[in-house]
Amino acid sequence: MKETKSLNMLQQEVDTYINQFKEGYFPPMELLARLTEELGELSREVQHKYGTKKKKHTEVQKELADEMGDFFFVLICLANSEGIDLEGALQKVLHKYNTRDKDRWTKKED
């Protein structure tokens, strides 16, 4: 059975991994550049799978889940380096959507 981890647990796991190296976290601007790079790779896979711009036969097809994992890892690194609790940040955003935007979209009929 697959173990479920909270976002806080995942942040701690990434922190433990990064802190085993002398270099530690990259500076924020470098992490942002890496995050942008990973988003570009994810975008390329989505474009290939659903868009009109398909990959060349010489380009390797990757899994969307793998690209999302790479993006998420770097996002966690950036959050950790800035002392941001991603679980708390997400809870805050969800509250905003559930209050401010609760009537913004057409709800499905039950």
# chains A, B, ... in the order shown; residues from 1 in each chain; ligands from 1
>>> select_by_dssp(residues="region 5-108 of chain A", states="helix (DSSP H, G or I)", output="ChimeraX atom specification")
/A:7-18,28-50,64-81,86-99
>>> residues_around(residues="Leu78 (chain A)", least_positions_apart="4", cutoff="12 Å", atoms="only C-alpha atoms", output="ChimeraX atom specification")
/A:11,14-15,18,24-36,71-74,82-86
>>> write_last_selection(atoms="N, CA and C atoms", output="tab-separated table (two decimals), in the first residue's frame")
chain	number	residue	atom	x	y	z
A	11	GLN	N	7.87	18.51	2.44
A	11	GLN	CA	8.83	19.61	2.57
A	11	GLN	C	10.00	19.20	3.47
A	14	VAL	N	12.33	16.80	1.51
A	14	VAL	CA	13.18	17.53	0.57
A	14	VAL	C	14.27	18.28	1.34
A	15	ASP	N	13.91	18.88	2.47
A	15	ASP	CA	14.88	19.61	3.28
A	15	ASP	C	16.00	18.69	3.77
A	18	ILE	N	18.26	17.93	0.73
A	18	ILE	CA	19.10	19.07	0.32
A	18	ILE	C	20.19	19.36	1.35
A	24	GLY	N	23.75	23.11	-0.14
A	24	GLY	CA	22.41	23.46	0.33
A	24	GLY	C	21.50	23.92	-0.79
A	25	TYR	N	20.58	24.80	-0.45
A	25	TYR	CA	19.64	25.31	-1.45
A	25	TYR	C	20.33	26.31	-2.37
A	26	PHE	N	19.92	26.31	-3.62
A	26	PHE	CA	20.39	27.33	-4.55
A	26	PHE	C	19.77	28.67	-4.16
A	27	PRO	N	20.37	29.77	-4.58
A	27	PRO	CA	19.78	31.09	-4.32
A	27	PRO	C	18.40	31.20	-4.97
A	28	PRO	N	17.52	32.06	-4.43
A	28	PRO	CA	16.15	32.17	-4.94
A	28	PRO	C	16.04	32.41	-6.45
A	29	MET	N	16.86	33.27	-7.00
A	29	MET	CA	16.77	33.54	-8.44
A	29	MET	C	17.13	32.31	-9.27
A	30	GLU	N	18.10	31.53	-8.79
A	30	GLU	CA	18.46	30.30	-9.50
A	30	GLU	C	17.35	29.27	-9.38
A	31	LEU	N	16.73	29.19	-8.21
A	31	LEU	CA	15.59	28.27	-8.04
A	31	LEU	C	14.43	28.70	-8.94
A	32	LEU	N	14.21	29.99	-9.05
A	32	LEU	CA	13.15	30.47	-9.94
A	32	LEU	C	13.47	30.12	-11.39
A	33	ALA	N	14.71	30.26	-11.78
A	33	ALA	CA	15.11	29.87	-13.14
A	33	ALA	C	14.90	28.38	-13.37
A	34	ARG	N	15.24	27.57	-12.37
A	34	ARG	CA	15.04	26.12	-12.48
A	34	ARG	C	13.55	25.79	-12.53
A	35	LEU	N	12.75	26.50	-11.74
A	35	LEU	CA	11.30	26.29	-11.74
A	35	LEU	C	10.73	26.62	-13.12
A	36	THR	N	11.21	27.70	-13.70
A	36	THR	CA	10.78	28.09	-15.05
A	36	THR	C	11.18	27.04	-16.08
A	71	PHE	N	8.87	19.64	-11.34
A	71	PHE	CA	8.42	21.00	-11.05
A	71	PHE	C	8.12	21.15	-9.55
A	72	PHE	N	7.41	20.18	-9.00
A	72	PHE	CA	7.01	20.23	-7.60
A	72	PHE	C	8.22	20.19	-6.67
A	73	PHE	N	9.22	19.38	-7.02
A	73	PHE	CA	10.44	19.30	-6.21
A	73	PHE	C	11.11	20.67	-6.12
A	74	VAL	N	11.25	21.33	-7.26
A	74	VAL	CA	11.91	22.64	-7.27
A	74	VAL	C	11.05	23.67	-6.54
A	82	GLU	N	12.83	29.77	1.45
A	82	GLU	CA	12.22	31.02	1.89
A	82	GLU	C	11.41	30.86	3.19
A	83	GLY	N	11.43	29.65	3.76
A	83	GLY	CA	10.72	29.41	5.01
A	83	GLY	C	9.20	29.46	4.86
A	84	ILE	N	8.71	29.07	3.70
A	84	ILE	CA	7.28	29.10	3.43
A	84	ILE	C	6.67	27.73	3.66
A	85	ASP	N	5.61	27.71	4.44
A	85	ASP	CA	4.84	26.50	4.70
A	85	ASP	C	3.84	26.34	3.56
A	86	LEU	N	4.13	25.44	2.63
A	86	LEU	CA	3.26	25.27	1.45
A	86	LEU	C	1.87	24.80	1.83
>>> residues_around(residues="Glu67 (chain A)", least_positions_apart="3", cutoff="7 Å", atoms="only C-alpha atoms", output="PDB file with all heavy atoms, in the first residue's frame")
ATOM      1  N   GLU A  38      11.674  23.818 -15.494  1.00  0.00           N
ATOM      2  CA  GLU A  38      10.828  22.632 -15.294  1.00  0.00           C
ATOM      3  C   GLU A  38       9.410  22.872 -15.827  1.00  0.00           C
ATOM      4  O   GLU A  38       8.801  21.960 -16.399  1.00  0.00           O
ATOM      5  CB  GLU A  38      10.784  22.234 -13.814  1.00  0.00           C
ATOM      6  CG  GLU A  38      12.109  21.780 -13.239  1.00  0.00           C
ATOM      7  CD  GLU A  38      12.713  20.561 -13.916  1.00  0.00           C
ATOM      8  OE1 GLU A  38      12.013  19.863 -14.681  1.00  0.00           O
ATOM      9  OE2 GLU A  38      13.899  20.304 -13.684  1.00  0.00           O
ATOM     10  N   GLU A  41       9.483  22.328 -19.502  1.00  0.00           N
ATOM     11  CA  GLU A  41       9.493  20.907 -19.852  1.00  0.00           C
ATOM     12  C   GLU A  41       8.104  20.296 -19.709  1.00  0.00           C
ATOM     13  O   GLU A  41       7.670  19.508 -20.551  1.00  0.00           O
ATOM     14  CB  GLU A  41      10.516  20.162 -19.000  1.00  0.00           C
ATOM     15  CG  GLU A  41      11.953  20.543 -19.336  1.00  0.00           C
ATOM     16  CD  GLU A  41      12.983  19.893 -18.433  1.00  0.00           C
ATOM     17  OE1 GLU A  41      12.627  18.956 -17.685  1.00  0.00           O
ATOM     18  OE2 GLU A  41      14.149  20.330 -18.467  1.00  0.00           O
ATOM     19  N   LEU A  42       7.396  20.688 -18.657  1.00  0.00           N
ATOM     20  CA  LEU A  42       6.023  20.227 -18.476  1.00  0.00           C
ATOM     21  C   LEU A  42       5.137  20.747 -19.610  1.00  0.00           C
ATOM     22  O   LEU A  42       4.337  20.006 -20.184  1.00  0.00           O
ATOM     23  CB  LEU A  42       5.491  20.684 -17.118  1.00  0.00           C
ATOM     24  CG  LEU A  42       4.028  20.391 -16.817  1.00  0.00           C
ATOM     25  CD1 LEU A  42       3.721  18.901 -16.886  1.00  0.00           C
ATOM     26  CD2 LEU A  42       3.657  20.953 -15.444  1.00  0.00           C
ATOM     27  N   GLU A  63       6.851  11.411 -19.350  1.00  0.00           N
ATOM     28  CA  GLU A  63       5.568  11.295 -18.663  1.00  0.00           C
ATOM     29  C   GLU A  63       5.212  12.630 -18.013  1.00  0.00           C
ATOM     30  O   GLU A  63       6.062  13.272 -17.400  1.00  0.00           O
ATOM     31  CB  GLU A  63       5.631  10.205 -17.593  1.00  0.00           C
ATOM     32  CG  GLU A  63       5.809   8.805 -18.142  1.00  0.00           C
ATOM     33  CD  GLU A  63       4.616   8.341 -18.951  1.00  0.00           C
ATOM     34  OE1 GLU A  63       3.466   8.658 -18.574  1.00  0.00           O
ATOM     35  OE2 GLU A  63       4.845   7.670 -19.967  1.00  0.00           O
ATOM     36  N   LEU A  64       3.944  13.013 -18.125  1.00  0.00           N
ATOM     37  CA  LEU A  64       3.484  14.242 -17.476  1.00  0.00           C
ATOM     38  C   LEU A  64       3.742  14.187 -15.973  1.00  0.00           C
ATOM     39  O   LEU A  64       4.164  15.175 -15.362  1.00  0.00           O
ATOM     40  CB  LEU A  64       1.994  14.469 -17.742  1.00  0.00           C
ATOM     41  CG  LEU A  64       1.601  14.897 -19.147  1.00  0.00           C
ATOM     42  CD1 LEU A  64       0.079  14.995 -19.260  1.00  0.00           C
ATOM     43  CD2 LEU A  64       2.246  16.209 -19.529  1.00  0.00           C
ATOM     44  N   ASP A  70       9.161  16.846 -11.100  1.00  0.00           N
ATOM     45  CA  ASP A  70      10.348  17.709 -11.168  1.00  0.00           C
ATOM     46  C   ASP A  70       9.989  19.145 -10.785  1.00  0.00           C
ATOM     47  O   ASP A  70      10.694  19.793 -10.006  1.00  0.00           O
ATOM     48  CB  ASP A  70      10.949  17.703 -12.576  1.00  0.00           C
ATOM     49  CG  ASP A  70      11.614  16.389 -12.938  1.00  0.00           C
ATOM     50  OD1 ASP A  70      11.902  15.581 -12.032  1.00  0.00           O
ATOM     51  OD2 ASP A  70      11.850  16.164 -14.145  1.00  0.00           O
ATOM     52  N   PHE A  71       8.872  19.641 -11.341  1.00  0.00           N
ATOM     53  CA  PHE A  71       8.418  21.000 -11.045  1.00  0.00           C
ATOM     54  C   PHE A  71       8.121  21.150  -9.554  1.00  0.00           C
ATOM     55  O   PHE A  71       8.550  22.110  -8.912  1.00  0.00           O
ATOM     56  CB  PHE A  71       7.174  21.320 -11.886  1.00  0.00           C
ATOM     57  CG  PHE A  71       6.628  22.696 -11.655  1.00  0.00           C
ATOM     58  CD1 PHE A  71       7.137  23.783 -12.348  1.00  0.00           C
ATOM     59  CD2 PHE A  71       5.610  22.914 -10.750  1.00  0.00           C
ATOM     60  CE1 PHE A  71       6.641  25.068 -12.138  1.00  0.00           C
ATOM     61  CE2 PHE A  71       5.103  24.189 -10.527  1.00  0.00           C
ATOM     62  CZ  PHE A  71       5.622  25.266 -11.231  1.00  0.00           C
TER      63      PHE A  71
END
>>> residues_around(residues="Glu59 (chain A)", least_positions_apart="5", cutoff="12 Å", atoms="only C-alpha atoms", output="PDB file with all heavy atoms, in the first residue's frame")
ATOM      1  N   ARG A  44       6.006  21.512 -22.594  1.00  0.00           N
ATOM      2  CA  ARG A  44       6.339  20.802 -23.838  1.00  0.00           C
ATOM      3  C   ARG A  44       5.615  19.463 -23.909  1.00  0.00           C
ATOM      4  O   ARG A  44       5.111  19.067 -24.963  1.00  0.00           O
ATOM      5  CB  ARG A  44       7.850  20.594 -23.949  1.00  0.00           C
ATOM      6  CG  ARG A  44       8.280  19.929 -25.245  1.00  0.00           C
ATOM      7  CD  ARG A  44       8.036  20.850 -26.427  1.00  0.00           C
ATOM      8  NE  ARG A  44       8.351  20.199 -27.677  1.00  0.00           N
ATOM      9  CZ  ARG A  44       7.434  19.816 -28.569  1.00  0.00           C
ATOM     10  NH1 ARG A  44       6.159  20.021 -28.370  1.00  0.00           N
ATOM     11  NH2 ARG A  44       7.812  19.225 -29.690  1.00  0.00           N
ATOM     12  N   GLU A  45       5.540  18.763 -22.800  1.00  0.00           N
ATOM     13  CA  GLU A  45       4.849  17.472 -22.785  1.00  0.00           C
ATOM     14  C   GLU A  45       3.341  17.642 -22.969  1.00  0.00           C
ATOM     15  O   GLU A  45       2.706  16.863 -23.671  1.00  0.00           O
ATOM     16  CB  GLU A  45       5.156  16.711 -21.495  1.00  0.00           C
ATOM     17  CG  GLU A  45       6.600  16.279 -21.361  1.00  0.00           C
ATOM     18  CD  GLU A  45       7.124  15.508 -22.557  1.00  0.00           C
ATOM     19  OE1 GLU A  45       6.440  14.592 -23.052  1.00  0.00           O
ATOM     20  OE2 GLU A  45       8.245  15.835 -23.007  1.00  0.00           O
ATOM     21  N   HIS A  48       2.722  18.445 -26.569  1.00  0.00           N
ATOM     22  CA  HIS A  48       2.855  17.247 -27.402  1.00  0.00           C
ATOM     23  C   HIS A  48       1.617  16.356 -27.279  1.00  0.00           C
ATOM     24  O   HIS A  48       1.103  15.845 -28.267  1.00  0.00           O
ATOM     25  CB  HIS A  48       4.102  16.457 -27.017  1.00  0.00           C
ATOM     26  CG  HIS A  48       4.218  15.144 -27.725  1.00  0.00           C
ATOM     27  ND1 HIS A  48       4.521  15.053 -29.069  1.00  0.00           N
ATOM     28  CD2 HIS A  48       4.038  13.878 -27.296  1.00  0.00           C
ATOM     29  CE1 HIS A  48       4.527  13.769 -29.428  1.00  0.00           C
ATOM     30  NE2 HIS A  48       4.242  13.042 -28.362  1.00  0.00           N
ATOM     31  N   LYS A  54       3.399  18.799 -32.086  1.00  0.00           N
ATOM     32  CA  LYS A  54       3.889  17.478 -31.659  1.00  0.00           C
ATOM     33  C   LYS A  54       5.407  17.456 -31.672  1.00  0.00           C
ATOM     34  O   LYS A  54       6.061  18.241 -32.363  1.00  0.00           O
ATOM     35  CB  LYS A  54       3.339  16.378 -32.581  1.00  0.00           C
ATOM     36  CG  LYS A  54       1.820  16.364 -32.692  1.00  0.00           C
ATOM     37  CD  LYS A  54       1.158  16.124 -31.361  1.00  0.00           C
ATOM     38  CE  LYS A  54      -0.355  16.092 -31.496  1.00  0.00           C
ATOM     39  NZ  LYS A  54      -1.040  16.113 -30.230  1.00  0.00           N
TER      40      LYS A  54
END
>>> atom_distance(atom1="CA of Gly51 (chain A)", atom2="CA of Leu39 (chain A)")
15.9 Å
